[in-house]
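S.K.: Attaching a single structure in structure tokens format; questions to follow.
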Amino acid sequence: STLRAFRRPIPSVACHPKVRRQSVIMGSETNHAKPAISLDPFAARNFVEPGQTAHGKAFITFDKAEFTARVNAWYESRVAAGENPLKAGYAPFCKHIFMPNFVPNLEDTILPVKEGNVSLLRSEYMARTEKELPVLTRWFPRESVKDQLRDAQFLDVILYSREQIIEENKAMGETTDSDAPWGIVSIKAQGIDVEIPMEPITMMRNALGKEHGGSGVPLDQEAYKQSVEFWDKHARVQ
């Protein structure tokens with residue numbers, strides 16, 4: 001498939017979020033040790049609140065604490081098996097956990113752009129939080145392409161180190177109450193268990209610096225070209 005052509009290591013689509021408010025921490029029920037991973041509020045926005053329906057950035061209908069517990073359980077099981085479950089991200093402070101999808105009816109959120117659906121694309125200048133600069137974004141409205149969607153086979157759980165989270169909080173005038181070594185900053189439902197390129201506009205935002213909602217990582221021209229190659233032919237569903 002087109003996605004499998006991008007199995008080479010390139011910056012993840014997801015390693016860019018900022019940290020907001022408080023964190024949800026939940027460890028494995030079978031391990032009473034302090035959990036290694038917490039759920040950051042920026043990623044918590046991806047969960048549908050009880051009584052609500054999936055809309056926009058909220059696409060995961062699952063209990064947040066249970067989700068975090070399952071991620072910790074997977075992490076612990078891989079470590080116990082002698083494996084390193086943390087895969088390299090686009091910077092030293094960013095890691096990925098690729099694990100089988102366990103969320104019922106969770107759809108793959110990336111679609112190829114084809115002649116039959118290109119007219120359905122929407123665009124808008126959007127900011128992920130009130131403190132970020134709006135950037136031009138394009139996507140497929142979920143209701144317009146629901147007949148083209150398929151269930152996700154994998155979850156790409158993106159982590160930032162606690163040190164990076166603290167630095168970015170400081171730049172945005174915010175704090176965090178979690179001391180877990182890693183925080184979940186984004187969750188991607190997808191069809192492959194490797195990184196998907198970070199969107200070009202996100203790479204640009206990161207290069208602007210922490211005070212503008214980025215991570216402060218300089219723009220890599222080769223990675224940017226690879227990103228354009230992929231996202232020229234694909235778009236998100238939301």
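Following the order of the structure tokens, first chain is A, next is B, and so on, with residues numbered from 1 inside each chain and ligands from 1 in the order they appear.
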Just the residues within 12 Å of Asp220 of chain A, please, counting only C-alpha atoms, with nothing from its chain fewer than 2 positions along; format it as a PyMOL selection string.

M.R.: chain A and resi 10-11+90-91+198+200+203-204+206-207+217-218+222-227

S.K.: Could you write out that same residue set with C-alpha atoms as a PDB file, in the first residue's frame?

M.R.:
```pdb
ATOM      1  CA  ILE A  10      11.032   9.779   9.370  1.00  0.00           C
ATOM      2  CA  PRO A  11       9.554  12.310  11.807  1.00  0.00           C
ATOM      3  CA  TYR A  90      11.727  12.856  15.680  1.00  0.00           C
ATOM      4  CA  ALA A  91      13.800  14.110  18.626  1.00  0.00           C
ATOM      5  CA  MET A 198       4.657  14.570  10.408  1.00  0.00           C
ATOM      6  CA  PRO A 200       4.625  19.853   6.789  1.00  0.00           C
ATOM      7  CA  MET A 203       7.184  20.771  11.161  1.00  0.00           C
ATOM      8  CA  MET A 204       7.127  24.501  10.457  1.00  0.00           C
ATOM      9  CA  ASN A 206       7.798  23.196  15.665  1.00  0.00           C
ATOM     10  CA  ALA A 207      10.615  25.256  14.160  1.00  0.00           C
ATOM     11  CA  VAL A 217      13.227  21.448  16.842  1.00  0.00           C
ATOM     12  CA  PRO A 218      14.765  23.034  13.695  1.00  0.00           C
ATOM     13  CA  GLU A 222      14.969  16.297   3.685  1.00  0.00           C
ATOM     14  CA  ALA A 223      12.345  15.208   6.223  1.00  0.00           C
ATOM     15  CA  TYR A 224      10.153  18.086   5.052  1.00  0.00           C
ATOM     16  CA  LYS A 225      10.337  16.917   1.428  1.00  0.00           C
ATOM     17  CA  GLN A 226       9.420  13.373   2.491  1.00  0.00           C
ATOM     18  CA  SER A 227       6.486  14.762   4.428  1.00  0.00           C
TER      19      SER A 227
END
```

S.K.: So which residues touch Ala58 of chain A within 8 Å, counting only C-alpha atoms, skipping near sequence neighbours fewer than 5 positions away, as number ranges by chain?

M.R.: A: 45-48

S.K.: Go ahead and write the selection's residues with N, CA and C atoms as a PDB file, in the first residue's frame.

M.R.:
```pdb
ATOM      1  N   ARG A  45      -7.810  15.284  25.008  1.00  0.00           N
ATOM      2  CA  ARG A  45      -8.826  15.894  24.138  1.00  0.00           C
ATOM      3  C   ARG A  45      -9.246  14.951  23.020  1.00  0.00           C
ATOM      4  N   ASN A  46      -8.452  13.900  22.777  1.00  0.00           N
ATOM      5  CA  ASN A  46      -8.799  12.930  21.743  1.00  0.00           C
ATOM      6  C   ASN A  46      -9.875  11.945  22.191  1.00  0.00           C
ATOM      7  N   PHE A  47     -10.264  12.003  23.469  1.00  0.00           N
ATOM      8  CA  PHE A  47     -11.262  11.083  24.003  1.00  0.00           C
ATOM      9  C   PHE A  47     -12.645  11.731  24.035  1.00  0.00           C
ATOM     10  N   VAL A  48     -13.637  10.968  23.631  1.00  0.00           N
ATOM     11  CA  VAL A  48     -15.020  11.435  23.647  1.00  0.00           C
ATOM     12  C   VAL A  48     -15.514  11.408  25.095  1.00  0.00           C
TER      13      VAL A  48
END
```

S.K.: Among segment 31-223 of chain A, which ones does DSSP assign to strand (DSSP E) (computed from the backbone)? Answer as a ChimeraX atom specification.

M.R.: /A:37-39,87-88,94-100,110-112,122-126,135-140,154-161,182-190

S.K.: Compare A:Ala180, A:Pro50, A:Lys146, A:Glu115 by their minimum atom-to-atom distance to Ala33 of chain A, counting only C-alpha atoms, and give me the closest one.

M.R.: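 Of A:Ala180, A:Pro50, A:Lys146, A:Glu115, the one nearest Ala33 of chain A, counting only C-alpha atoms, is A:Ala180.
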
S.K.: Got a sec: who's within 9 Å of segment 163-166 of chain A, counting only C-alpha atoms, leaving out chain neighbours fewer than 5 positions off, as JSON, numbers by chain?

M.R.: {"A": [18, 19, 93, 94, 171, 174, 175, 176, 181, 182, 183, 215]}

S.K.: Take atom CA of Asn84 of chain A and atom CA of Thr61 of chain A and report the distance between them in Å, one decimal.

M.R.: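 Interatomic distance here is 28.5 Å.
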
S.K.: Hey, what's within 10 Å of Val118 of chain A if we count only C-alpha atoms and toss same-chain stuff fewer than 6 positions away? As a ChimeraX atom specification, please?

M.R.: /A:112,140,233-235

S.K.: In Å, rounded to a single decimal, give me how far atom CA of His212 of chain A is from atom CA of Lys188 of chain A.

M.R.: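 According to the coordinates, atom CA of Lys188 of chain A and atom CA of His212 of chain A are separated by 23.1 Å.
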